[in-house]
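*Asks:* Structure below; questions to follow.
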Amino acid sequence: MVLRLTDVAVARGGVPVLGAVTFELEPGRALVLRGPNGSGKTTLLRAIAGLQPVLSGRIEGAEDTVAYAGHADGLKAMLSVAENLQFWAAVYGRREIDAALETYALAPLADRLAGTLSAGQKRRAGLARLMVTDRPIWVLDEPTVSLDIAAVGMFADAVRAHLDGGGMALLATHIDLGIEAQVLDITGMRAAPDALHGASDEAFL
Amino acid sequence: MIALLIRDLRLALRAGGGFGLGLAFFLILTVLVPFSVGPQSALLSSIAPGILWLGSLLACLLSLDRLLALDFEDGTLDVLATAPLPLEAALAVKALAHWITTGLPLVLAAPFLGILLNLPPQGFVWLVASLLLGTPALSIIGTFGAALTEGIKRGGLLMSLLVLPLYVPTLIFGAEAARRGAVGMAIETPLLLLAGISLGSIALLPFAAAAALRMTIR
Amino acid sequence: MSLWEYANPVKFLALSARVQPFAWAAAAIGIAVGLGWGFFATPDDFRQGSTVKIIYIHVPSAWIAINAWIMMLVASLIWLVRRHHVSALAARAAAPVGLVMTVIGLLTGAIWGQPMWGTWWAWDPRLTSFLILFLFYLGYIALWEAVEDPDTAADLTSVLCLVGSVFALLSRYAVLFWSQGLHQGATLSLDKEENISDVFWVPLVISISGFTLLFIALVLYRTGTEIALRRARALSARRDASA
């Protein structure tokens, strides 16, 4: 079970933003993507999660193995934290949510409506969702936004436990989590022009 | 799938879920009709099946923009699209939840509003039967329209423009069945055709809706 | 040498530039001859008098209104299956032409119907079907305008065109059923094919051919415009990316 990207290029709004991305992620390992705003981190992560097509190149090992957490938490304001997590657990064919509540110190908040939580608490609930999916590859886009130091620690612990259990993690983040991880700086990565036949506008040039 | 259904029903029933809004709209529309055409009971009873069908259709349409928009805003759709549940099934379930929270109450309320409009006694059964067969088609066609216009700013009006023409055959057969029932004519043909549209839509449109949604969320 | 080579915008434009003058000229000749012959050189109908002559505009525009949609359906399918941009843009280019032809068909029909049937409008199956087709054109064009990303817009409108075609066909049969149900035996419809004699038939066919050529010329021209727009967009995107 390896996640392998070969010469991947992606586009945002028909414009190629990132190309020639090649890396391999093995069980138990984490990879951190670095790059300035607009360099294509989110677009690449969405492509790996299968939410958008790649222009060229291959993504292997991402089929039905990815749990994706983007900028939004996927929480329903009118459901309690426990109900939100139970729903996602059921979608992924599981029942157990206690471990996830425990890891993110959400047990006292379990019966609160998600809409009444603070931004950091919501984020914790959103990250707890990853633990109930039972999927090996976590794809995380800026996971630590609005988390305080203690919560970042909880998150780092959760990722470490996931890696120890043979999981993988792919993160776009700027802060140091204290996790042993490869770092891939995608700044300036561009595809060769002939690799961009799929780009919507290339046909018109 | 059941979890998604239960979640959608629960959300609809909780505060701010919008349950009952469509029903209230249906009621108000029906009350306004006599004000606009006059109180003659003969006239009202002849247009009652059509008005009740049109009212149900508009009430359905009104609640469609919430069907996917809320899930789109809070990121749920992104997660659903990567979940083991096929998007086709997820959309079919969401359409079912929409029907249970919007279509079914309309079906149940229609006979009472029929009384307000002097619907002939023999028309009640066929009004309910035609709505029961037709409203599922309204929900699933609406889901397709919602998927097409998801992510478009101020897409609500555009969705009406796209969905209403698609509603034409359902409305024609449904209202025709109800009308024939009210005047005591044979209703088998329109009722069967209506059922055919519903079944065909339920079988095929989830695929079209999922294809459209994959295009809009990327 | 395959037909698909013209899916390349540059090759398409080159071919289109060569074909267009002939298409425009032939369309002008066809319409001029068809209408001139029809208006001035055919006898008045024994029942309808000279009002029948509107047929030389009415029938060709209705013909284009339907076939433009069928062309859009084919182009949409080609886009969905083979991802040729020219195909999607041709569908986009054809829609307003089809819309205008639908409106012309409805208006000329109303003008014809007024003296013949004594009413501008009747809920006759054929009339109603065209009105519904008009609504489908409106929705299709509105969706193109509303979506910002051009490829997503092409995808979504193609899906709408596919599903819309099925429902337009359903509506056609629903309307037939509904209208017969209301008026026992549609007294207002005229069976054109049975009534028409050769004197009217020849100029009508010429006029239809002229309109078809006009449609082809318009779609070629408008597709060229759409390609130019996309090219400008692509160039400015490239400039922004390198800046």
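Going through the structure tokens in order, the chains are called A, B, and so on, while each chain numbers its residues from 1 and the ligands are numbered from 1 in the order shown.
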Using 9 Å as the limit and counting only C-alpha atoms, can you tabulate each residue of chain C that touches chain B, with its shortest atom-to-atom distance in Å and the two atoms involved, as a tab-separated table?
*Replies:*
residue	atom	partner	partner_atom	distance
C:Ile132	CA	B:Pro165	CA	6.7
C:Leu133	CA	B:Pro165	CA	8.7
C:Leu135	CA	B:Pro165	CA	6.3
C:Phe136	CA	B:Pro165	CA	6.4
C:Leu138	CA	B:Leu161	CA	7.8
C:Gly139	CA	B:Leu162	CA	5.0
C:Tyr140	CA	B:Leu162	CA	7.6
C:Ala142	CA	B:Leu158	CA	7.1
C:Leu143	CA	B:Leu158	CA	7.3
C:Ala146	CA	B:Ile152	CA	6.8
C:Val147	CA	B:Ile152	CA	6.5
C:Glu148	CA	B:Ile152	CA	8.4
C:Thr152	CA	B:Met215	CA	6.1
C:Ala153	CA	B:Met215	CA	8.9
C:Asp155	CA	B:Met215	CA	6.9
C:Leu156	CA	B:Ala212	CA	6.0
C:Thr157	CA	B:Leu148	CA	8.6
C:Val159	CA	B:Ala212	CA	6.9
C:Leu160	CA	B:Leu148	CA	7.8
C:Val163	CA	B:Ala208	CA	7.7
C:Gly164	CA	B:Leu166	CA	6.9
C:Phe167	CA	B:Leu166	CA	5.9
C:Ala168	CA	B:Leu166	CA	7.6
C:Leu170	CA	B:Pro169	CA	6.1
C:Ser171	CA	B:Pro169	CA	4.8
C:Arg172	CA	B:Pro169	CA	8.3
C:Tyr173	CA	B:Pro169	CA	8.3
C:Ala174	CA	B:Pro169	CA	5.5
C:Val175	CA	B:Ile172	CA	7.3
C:Phe177	CA	B:Phe173	CA	8.6
C:Trp178	CA	B:Ile172	CA	6.7
C:Gly181	CA	B:Glu176	CA	8.5
*Asks:* Using only N, CA and C atoms, please write the residues we just selected to a file, as a compact mmCIF listing (two decimals), in the first residue's frame.
*Replies:*
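Below is the file again_34.txt, written as the result:
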# COMPACT_ATOMS: atom_id res chain seq x y z
N ILE C 132 -42.36 25.30 -25.17
CA ILE C 132 -41.52 24.58 -24.22
C ILE C 132 -40.08 24.54 -24.71
N LEU C 133 -39.91 24.32 -26.01
CA LEU C 133 -38.56 24.33 -26.58
C LEU C 133 -37.88 25.67 -26.32
N LEU C 135 -38.38 27.60 -23.77
CA LEU C 135 -37.94 27.61 -22.37
C LEU C 135 -36.64 26.82 -22.20
N PHE C 136 -36.52 25.69 -22.91
CA PHE C 136 -35.29 24.89 -22.80
C PHE C 136 -34.09 25.67 -23.32
N LEU C 138 -33.79 28.90 -23.33
CA LEU C 138 -33.49 29.94 -22.33
C LEU C 138 -32.64 29.37 -21.21
N GLY C 139 -33.06 28.23 -20.66
CA GLY C 139 -32.33 27.64 -19.54
C GLY C 139 -30.91 27.27 -19.95
N TYR C 140 -30.78 26.69 -21.14
CA TYR C 140 -29.46 26.27 -21.62
C TYR C 140 -28.52 27.46 -21.74
N ALA C 142 -28.84 30.39 -20.27
CA ALA C 142 -28.61 30.99 -18.96
C ALA C 142 -27.54 30.21 -18.20
N LEU C 143 -27.53 28.88 -18.33
CA LEU C 143 -26.52 28.09 -17.63
C LEU C 143 -25.13 28.38 -18.17
N ALA C 146 -23.95 31.53 -16.67
CA ALA C 146 -23.80 31.61 -15.22
C ALA C 146 -22.51 30.97 -14.71
N VAL C 147 -21.99 29.97 -15.42
CA VAL C 147 -20.82 29.26 -14.91
C VAL C 147 -19.55 29.94 -15.39
N GLU C 148 -18.64 30.20 -14.45
CA GLU C 148 -17.45 30.98 -14.81
C GLU C 148 -16.41 30.16 -15.56
N THR C 152 -16.11 23.71 -17.15
CA THR C 152 -17.22 23.28 -16.31
C THR C 152 -18.54 23.67 -16.95
N ALA C 153 -18.59 24.88 -17.52
CA ALA C 153 -19.82 25.32 -18.18
C ALA C 153 -20.15 24.38 -19.34
N ASP C 155 -19.29 21.23 -19.63
CA ASP C 155 -19.73 19.96 -19.06
C ASP C 155 -21.19 20.04 -18.62
N LEU C 156 -21.50 21.08 -17.83
CA LEU C 156 -22.83 21.17 -17.24
C LEU C 156 -23.89 21.38 -18.31
N THR C 157 -23.61 22.26 -19.27
CA THR C 157 -24.61 22.50 -20.31
C THR C 157 -24.81 21.24 -21.15
N VAL C 159 -24.62 18.12 -20.06
CA VAL C 159 -25.50 17.24 -19.29
C VAL C 159 -26.93 17.76 -19.36
N LEU C 160 -27.09 19.09 -19.23
CA LEU C 160 -28.43 19.67 -19.30
C LEU C 160 -29.06 19.39 -20.67
N VAL C 163 -30.17 15.62 -20.74
CA VAL C 163 -31.37 15.39 -19.93
C VAL C 163 -32.53 16.20 -20.48
N GLY C 164 -32.24 17.45 -20.88
CA GLY C 164 -33.28 18.30 -21.43
C GLY C 164 -33.91 17.70 -22.68
N PHE C 167 -36.43 15.16 -21.68
CA PHE C 167 -37.63 15.77 -21.12
C PHE C 167 -38.40 16.58 -22.17
N ALA C 168 -37.67 17.17 -23.13
CA ALA C 168 -38.36 17.88 -24.21
C ALA C 168 -39.20 16.91 -25.02
N LEU C 170 -40.38 14.00 -23.91
CA LEU C 170 -41.49 13.63 -23.03
C LEU C 170 -42.57 14.70 -23.06
N SER C 171 -42.13 15.97 -23.00
CA SER C 171 -43.09 17.07 -22.99
C SER C 171 -43.90 17.06 -24.28
N ARG C 172 -43.21 16.77 -25.38
CA ARG C 172 -43.90 16.73 -26.68
C ARG C 172 -45.07 15.75 -26.63
N TYR C 173 -44.79 14.55 -26.11
CA TYR C 173 -45.86 13.56 -26.05
C TYR C 173 -46.89 13.91 -25.00
N ALA C 174 -46.41 14.48 -23.88
CA ALA C 174 -47.35 14.89 -22.83
C ALA C 174 -48.31 15.93 -23.37
N VAL C 175 -47.77 16.87 -24.15
CA VAL C 175 -48.60 17.94 -24.67
C VAL C 175 -49.61 17.40 -25.69
N PHE C 177 -50.91 14.46 -25.67
CA PHE C 177 -51.92 13.77 -24.87
C PHE C 177 -52.86 14.77 -24.21
N TRP C 178 -52.27 15.81 -23.64
CA TRP C 178 -53.00 16.79 -22.83
C TRP C 178 -53.96 17.60 -23.69
N GLY C 181 -56.74 15.68 -24.95
CA GLY C 181 -57.64 15.45 -23.83
C GLY C 181 -58.56 16.63 -23.62
*Asks:* Check which residues of chain C sit at most 8 Å from chain A using only C-alpha atoms, and return one row each with the closest pair of atoms and their distance in Å to one decimal, ordered by chain and rising number, as a tab-separated table.
*Replies:*
residue	atom	partner	partner_atom	distance
C:Asn8	CA	A:Ala203	CA	7.2
C:Pro9	CA	A:Phe204	CA	6.4
C:Val10	CA	A:Phe204	CA	7.7
C:His85	CA	A:Ala203	CA	7.9
C:Asp149	CA	A:Gly13	CA	5.8
C:Pro150	CA	A:Gly14	CA	7.8
C:Asp151	CA	A:Ser200	CA	6.6
C:Ile227	CA	A:Phe204	CA	7.3
C:Arg230	CA	A:Phe204	CA	6.8
C:Arg231	CA	A:Phe204	CA	5.0
C:Arg233	CA	A:Asp201	CA	7.8
C:Ala234	CA	A:Asp201	CA	5.1
C:Leu235	CA	A:Leu205	CA	7.0
C:Ala237	CA	A:Val15	CA	6.6
C:Arg238	CA	A:Val15	CA	7.8
*Asks:* Residues of the last selection are to be written out with C-alpha atoms, as a CSV table (one decimal), in the first residue's frame.
*Replies:*
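Output saved as again_7.csv:
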chain,number,residue,atom,x,y,z
C,8,ASN,CA,-8.3,21.5,-33.4
C,9,PRO,CA,-9.3,25.2,-33.1
C,10,VAL,CA,-6.7,26.4,-35.6
C,85,HIS,CA,-13.4,22.2,-27.3
C,149,ASP,CA,-15.0,28.2,-15.7
C,150,PRO,CA,-15.5,27.5,-19.4
C,151,ASP,CA,-14.9,23.8,-19.2
C,227,ILE,CA,-12.7,30.4,-30.1
C,230,ARG,CA,-11.2,31.5,-25.4
C,231,ARG,CA,-7.9,32.3,-27.0
C,233,ARG,CA,-8.6,34.3,-22.2
C,234,ALA,CA,-5.9,31.6,-22.5
C,235,LEU,CA,-3.3,34.2,-23.5
C,237,ALA,CA,-4.0,33.6,-18.2
C,238,ARG,CA,-0.6,32.7,-19.5
*Asks:* Return as a PyMOL selection string the residues belonging to chain B that are within 9 Å of chain A, counting only C-alpha atoms.
*Replies:* chain B and resi 1-4+6-7+10-11+14-17+70-85+214-215+217-218
*Asks:* Write the residues of the selection above to a file with N, CA and C atoms, as a compact mmCIF listing (two decimals), in the first residue's frame.
*Replies:*
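Once written, result_4.txt looks like this:
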# COMPACT_ATOMS: atom_id res chain seq x y z
N MET B 1 -26.03 4.65 3.92
CA MET B 1 -27.14 5.29 3.23
C MET B 1 -28.25 5.67 4.19
N ILE B 2 -28.56 4.71 5.09
CA ILE B 2 -29.60 5.00 6.08
C ILE B 2 -29.14 6.13 7.00
N ALA B 3 -27.83 6.12 7.31
CA ALA B 3 -27.30 7.18 8.17
C ALA B 3 -27.51 8.55 7.53
N LEU B 4 -27.28 8.62 6.22
CA LEU B 4 -27.45 9.89 5.51
C LEU B 4 -28.91 10.32 5.52
N ILE B 6 -31.21 9.45 7.74
CA ILE B 6 -31.59 9.87 9.09
C ILE B 6 -31.04 11.26 9.38
N ARG B 7 -29.78 11.50 8.96
CA ARG B 7 -29.19 12.79 9.22
C ARG B 7 -29.98 13.90 8.52
N ARG B 10 -33.27 14.48 10.24
CA ARG B 10 -33.07 15.11 11.53
C ARG B 10 -32.78 16.60 11.33
N LEU B 11 -31.94 16.90 10.35
CA LEU B 11 -31.60 18.30 10.07
C LEU B 11 -32.83 19.09 9.65
N ARG B 14 -35.01 19.84 12.76
CA ARG B 14 -34.51 20.75 13.80
C ARG B 14 -34.69 22.19 13.40
N ALA B 15 -34.50 23.07 14.38
CA ALA B 15 -34.72 24.50 14.13
C ALA B 15 -33.89 24.96 12.94
N GLY B 16 -34.49 25.78 12.09
CA GLY B 16 -33.76 26.31 10.95
C GLY B 16 -33.65 25.33 9.81
N GLY B 17 -34.26 24.15 9.97
CA GLY B 17 -34.16 23.14 8.92
C GLY B 17 -35.11 23.39 7.76
N LEU B 70 -26.47 23.87 1.47
CA LEU B 70 -25.92 23.87 2.82
C LEU B 70 -24.76 22.89 2.93
N ASP B 71 -24.91 21.71 2.31
CA ASP B 71 -23.84 20.73 2.35
C ASP B 71 -22.63 21.21 1.56
N PHE B 72 -22.88 22.01 0.55
CA PHE B 72 -21.78 22.55 -0.25
C PHE B 72 -20.98 23.55 0.57
N GLU B 73 -21.70 24.44 1.28
CA GLU B 73 -21.03 25.50 2.03
C GLU B 73 -20.15 24.95 3.14
N ASP B 74 -20.64 23.96 3.88
CA ASP B 74 -19.86 23.52 5.04
C ASP B 74 -18.91 22.37 4.71
N GLY B 75 -18.73 22.08 3.44
CA GLY B 75 -17.71 21.09 3.07
C GLY B 75 -18.18 19.65 3.09
N THR B 76 -19.44 19.43 3.49
CA THR B 76 -19.93 18.05 3.57
C THR B 76 -19.89 17.35 2.21
N LEU B 77 -20.19 18.11 1.15
CA LEU B 77 -20.23 17.48 -0.17
C LEU B 77 -18.85 16.97 -0.58
N ASP B 78 -17.80 17.73 -0.26
CA ASP B 78 -16.44 17.28 -0.57
C ASP B 78 -16.16 15.94 0.10
N VAL B 79 -16.54 15.86 1.37
CA VAL B 79 -16.27 14.62 2.11
C VAL B 79 -17.13 13.49 1.58
N LEU B 80 -18.41 13.80 1.28
CA LEU B 80 -19.30 12.76 0.74
C LEU B 80 -18.76 12.22 -0.58
N ALA B 81 -18.19 13.14 -1.39
CA ALA B 81 -17.69 12.72 -2.70
C ALA B 81 -16.49 11.81 -2.58
N THR B 82 -15.76 11.87 -1.44
CA THR B 82 -14.61 10.99 -1.26
C THR B 82 -14.95 9.79 -0.37
N ALA B 83 -16.19 9.72 0.10
CA ALA B 83 -16.59 8.65 1.01
C ALA B 83 -16.88 7.37 0.21
N PRO B 84 -16.92 6.23 0.90
CA PRO B 84 -17.19 4.98 0.20
C PRO B 84 -18.57 4.93 -0.46
N LEU B 85 -19.50 5.73 0.05
CA LEU B 85 -20.85 5.76 -0.53
C LEU B 85 -20.78 6.39 -1.92
N ARG B 214 -20.19 16.21 -9.66
CA ARG B 214 -18.74 16.03 -9.75
C ARG B 214 -18.12 17.15 -10.56
N MET B 215 -18.84 17.62 -11.57
CA MET B 215 -18.32 18.73 -12.37
C MET B 215 -18.33 20.03 -11.58
N ILE B 217 -18.18 20.50 -8.19
CA ILE B 217 -17.36 20.65 -6.98
C ILE B 217 -15.88 20.63 -7.28
N ARG B 218 -15.48 20.30 -8.48
CA ARG B 218 -14.04 20.22 -8.71
C ARG B 218 -13.40 21.61 -8.87
*Asks:* Please provide as a list in words all residues within 9 Å of Ala7 in chain C, with the sequence filter that same-chain residues fewer than 4 positions apart are discarded (counting only C-alpha atoms).
*Replies:*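 The residues satisfying every condition are Leu3, Lys11, Phe12, His84, His85, Val86 and Ser87 of chain C.
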*Asks:* Pick out the residues sitting within 9 Å of range 102-112 of chain A, and hand them over as a JSON list (two decimals) with all heavy atoms, in the first residue's frame; count only C-alpha atoms, and ignore anything fewer than 3 positions along from it in its own chain.
*Replies:*
[["chain", "number", "residue", "atom", "x", "y", "z"],
["A", 79, "LEU", "N", -26.58, 19.68, 14.42],
["A", 79, "LEU", "CA", -26.38, 18.36, 15.00],
["A", 79, "LEU", "C", -25.33, 18.48, 16.09],
["A", 79, "LEU", "O", -24.43, 19.32, 16.01],
["A", 79, "LEU", "CB", -25.90, 17.36, 13.94],
["A", 79, "LEU", "CG", -26.85, 17.01, 12.81],
["A", 79, "LEU", "CD1", -26.21, 15.98, 11.89],
["A", 79, "LEU", "CD2", -28.17, 16.48, 13.34],
["A", 80, "SER", "N", -25.42, 17.62, 17.10],
["A", 80, "SER", "CA", -24.41, 17.65, 18.14],
["A", 80, "SER", "C", -23.11, 17.07, 17.60],
["A", 80, "SER", "O", -23.07, 16.43, 16.55],
["A", 80, "SER", "CB", -24.89, 16.85, 19.36],
["A", 80, "SER", "OG", -24.82, 15.47, 19.06],
["A", 81, "VAL", "N", -22.03, 17.30, 18.35],
["A", 81, "VAL", "CA", -20.72, 16.80, 17.95],
["A", 81, "VAL", "C", -20.77, 15.28, 17.77],
["A", 81, "VAL", "O", -20.30, 14.73, 16.77],
["A", 81, "VAL", "CB", -19.66, 17.19, 18.99],
["A", 81, "VAL", "CG1", -18.33, 16.52, 18.68],
["A", 81, "VAL", "CG2", -19.50, 18.70, 19.04],
["A", 82, "ALA", "N", -21.39, 14.60, 18.74],
["A", 82, "ALA", "CA", -21.46, 13.14, 18.66],
["A", 82, "ALA", "C", -22.27, 12.70, 17.44],
["A", 82, "ALA", "O", -21.88, 11.77, 16.73],
["A", 82, "ALA", "CB", -22.08, 12.58, 19.94],
["A", 83, "GLU", "N", -23.38, 13.40, 17.18],
["A", 83, "GLU", "CA", -24.21, 13.02, 16.02],
["A", 83, "GLU", "C", -23.44, 13.22, 14.71],
["A", 83, "GLU", "O", -23.52, 12.41, 13.80],
["A", 83, "GLU", "CB", -25.49, 13.86, 16.00],
["A", 83, "GLU", "CG", -26.53, 13.38, 17.00],
["A", 83, "GLU", "CD", -27.69, 14.35, 17.14],
["A", 83, "GLU", "OE1", -27.53, 15.55, 16.87],
["A", 83, "GLU", "OE2", -28.77, 13.90, 17.53],
["A", 97, "ILE", "N", -16.90, 5.95, 18.01],
["A", 97, "ILE", "CA", -16.40, 7.32, 17.91],
["A", 97, "ILE", "C", -15.71, 7.75, 19.20],
["A", 97, "ILE", "O", -15.20, 8.86, 19.29],
["A", 97, "ILE", "CB", -17.54, 8.30, 17.59],
["A", 97, "ILE", "CG1", -18.55, 8.34, 18.73],
["A", 97, "ILE", "CG2", -18.20, 7.98, 16.27],
["A", 97, "ILE", "CD1", -19.41, 9.58, 18.69],
["A", 98, "ASP", "N", -15.70, 6.90, 20.23],
["A", 98, "ASP", "CA", -15.18, 7.33, 21.53],
["A", 98, "ASP", "C", -13.71, 7.70, 21.47],
["A", 98, "ASP", "O", -13.28, 8.69, 22.07],
["A", 98, "ASP", "CB", -15.39, 6.22, 22.57],
["A", 98, "ASP", "CG", -16.88, 6.07, 22.90],
["A", 98, "ASP", "OD1", -17.62, 7.01, 22.54],
["A", 98, "ASP", "OD2", -17.28, 5.06, 23.48],
["A", 99, "ALA", "N", -12.92, 6.91, 20.73],
["A", 99, "ALA", "CA", -11.49, 7.18, 20.65],
["A", 99, "ALA", "C", -11.25, 8.55, 20.03],
["A", 99, "ALA", "O", -10.39, 9.31, 20.50],
["A", 99, "ALA", "CB", -10.80, 6.09, 19.81],
["A", 115, "GLY", "N", -23.02, 24.00, 16.02],
["A", 115, "GLY", "CA", -23.14, 25.42, 15.71],
["A", 115, "GLY", "C", -22.75, 26.31, 16.87],
["A", 115, "GLY", "O", -22.46, 27.49, 16.68],
["A", 116, "THR", "N", -22.76, 25.76, 18.11],
["A", 116, "THR", "CA", -22.46, 26.58, 19.28],
["A", 116, "THR", "C", -20.99, 26.52, 19.66],
["A", 116, "THR", "O", -20.59, 27.12, 20.64],
["A", 116, "THR", "CB", -23.30, 26.14, 20.49],
["A", 116, "THR", "OG1", -22.90, 24.81, 20.84],
["A", 116, "THR", "CG2", -24.78, 26.14, 20.16],
["A", 117, "LEU", "N", -20.19, 25.75, 18.91],
["A", 117, "LEU", "CA", -18.78, 25.61, 19.26],
["A", 117, "LEU", "C", -17.98, 26.80, 18.77],
["A", 117, "LEU", "O", -18.37, 27.51, 17.85],
["A", 117, "LEU", "CB", -18.20, 24.34, 18.62],
["A", 117, "LEU", "CG", -18.84, 23.01, 19.01],
["A", 117, "LEU", "CD1", -18.12, 21.88, 18.29],
["A", 117, "LEU", "CD2", -18.79, 22.80, 20.51],
["A", 121, "GLN", "N", -12.80, 24.69, 18.43],
["A", 121, "GLN", "CA", -13.50, 23.45, 18.80],
["A", 121, "GLN", "C", -14.08, 22.77, 17.57],
["A", 121, "GLN", "O", -14.05, 21.54, 17.44],
["A", 121, "GLN", "CB", -14.60, 23.77, 19.81],
["A", 121, "GLN", "CG", -14.05, 24.15, 21.18],
["A", 121, "GLN", "CD", -15.13, 24.75, 22.07],
["A", 121, "GLN", "OE1", -16.07, 25.37, 21.60],
["A", 121, "GLN", "NE2", -14.96, 24.58, 23.38],
["A", 124, "ARG", "N", -11.42, 20.98, 15.80],
["A", 124, "ARG", "CA", -11.08, 19.72, 16.45],
["A", 124, "ARG", "C", -12.09, 18.64, 16.07],
["A", 124, "ARG", "O", -11.73, 17.50, 15.77],
["A", 124, "ARG", "CB", -11.05, 19.90, 17.98],
["A", 124, "ARG", "CG", -9.67, 20.28, 18.48],
["A", 124, "ARG", "CD", -9.75, 21.13, 19.72],
["A", 124, "ARG", "NE", -10.39, 20.45, 20.84],
["A", 124, "ARG", "CZ", -10.82, 21.09, 21.94],
["A", 124, "ARG", "NH1", -10.66, 22.39, 22.04],
["A", 124, "ARG", "NH2", -11.40, 20.41, 22.92],
["A", 125, "ALA", "N", -13.36, 19.02, 16.06],
["A", 125, "ALA", "CA", -14.39, 18.04, 15.68],
["A", 125, "ALA", "C", -14.21, 17.60, 14.24],
["A", 125, "ALA", "O", -14.39, 16.44, 13.89],
["A", 125, "ALA", "CB", -15.78, 18.64, 15.89],
["A", 127, "LEU", "N", -11.38, 17.48, 12.61],
["A", 127, "LEU", "CA", -10.22, 16.58, 12.52],
["A", 127, "LEU", "C", -10.53, 15.22, 13.12],
["A", 127, "LEU", "O", -10.03, 14.19, 12.67],
["A", 127, "LEU", "CB", -9.01, 17.21, 13.22],
["A", 127, "LEU", "CG", -8.45, 18.46, 12.52],
["A", 127, "LEU", "CD1", -7.40, 19.14, 13.38],
["A", 127, "LEU", "CD2", -7.87, 18.10, 11.17],
["A", 128, "ALA", "N", -11.38, 15.23, 14.15],
["A", 128, "ALA", "CA", -11.76, 13.96, 14.77],
["A", 128, "ALA", "C", -12.46, 13.06, 13.75],
["A", 128, "ALA", "O", -12.39, 11.83, 13.84],
["A", 128, "ALA", "CB", -12.67, 14.21, 15.97],
["A", 151, "ALA", "N", -4.30, 22.26, 21.28],
["A", 151, "ALA", "CA", -5.03, 21.50, 20.26],
["A", 151, "ALA", "C", -4.09, 21.02, 19.17],
["A", 151, "ALA", "O", -4.25, 19.91, 18.63],
["A", 151, "ALA", "CB", -6.15, 22.35, 19.67],
["A", 154, "MET", "N", -2.68, 17.94, 20.41],
["A", 154, "MET", "CA", -3.60, 16.80, 20.25],
["A", 154, "MET", "C", -3.55, 16.29, 18.81],
["A", 154, "MET", "O", -3.51, 15.09, 18.55],
["A", 154, "MET", "CB", -5.05, 17.24, 20.53],
["A", 154, "MET", "CG", -5.35, 17.65, 21.93],
["A", 154, "MET", "SD", -7.06, 18.27, 21.95],
["A", 154, "MET", "CE", -7.02, 19.25, 23.43],
["A", 155, "PHE", "N", -3.54, 17.24, 17.87],
["A", 155, "PHE", "CA", -3.53, 16.86, 16.46],
["A", 155, "PHE", "C", -2.25, 16.10, 16.13],
["A", 155, "PHE", "O", -2.29, 15.05, 15.47],
["A", 155, "PHE", "CB", -3.68, 18.11, 15.60],
["A", 155, "PHE", "CG", -3.44, 17.87, 14.14],
["A", 155, "PHE", "CD1", -4.29, 17.05, 13.41],
["A", 155, "PHE", "CD2", -2.36, 18.43, 13.49],
["A", 155, "PHE", "CE1", -4.07, 16.80, 12.07],
["A", 155, "PHE", "CE2", -2.13, 18.19, 12.15],
["A", 155, "PHE", "CZ", -2.98, 17.38, 11.44],
["A", 157, "ASP", "N", -0.39, 14.42, 18.13],
["A", 157, "ASP", "CA", -0.47, 13.08, 18.73],
["A", 157, "ASP", "C", -1.32, 12.15, 17.87],
["A", 157, "ASP", "O", -0.97, 10.98, 17.66],
["A", 157, "ASP", "CB", -1.09, 13.18, 20.13],
["A", 157, "ASP", "CG", -0.12, 13.83, 21.11],
["A", 157, "ASP", "OD1", 1.09, 13.88, 20.78],
["A", 157, "ASP", "OD2", -0.58, 14.30, 22.18],
["A", 158, "ALA", "N", -2.43, 12.69, 17.38],
["A", 158, "ALA", "CA", -3.33, 11.86, 16.56],
["A", 158, "ALA", "C", -2.63, 11.41, 15.29],
["A", 158, "ALA", "O", -2.72, 10.23, 14.89],
["A", 158, "ALA", "CB", -4.60, 12.64, 16.22]]
*Asks:* I'd like to know which of A:Leu44, A:Ala114, A:Leu85, A:Leu5 is closest to Ala172 in chain A, using only C-alpha atoms.
*Replies:*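 Under the stated criterion, the closest residue is A:Leu44.
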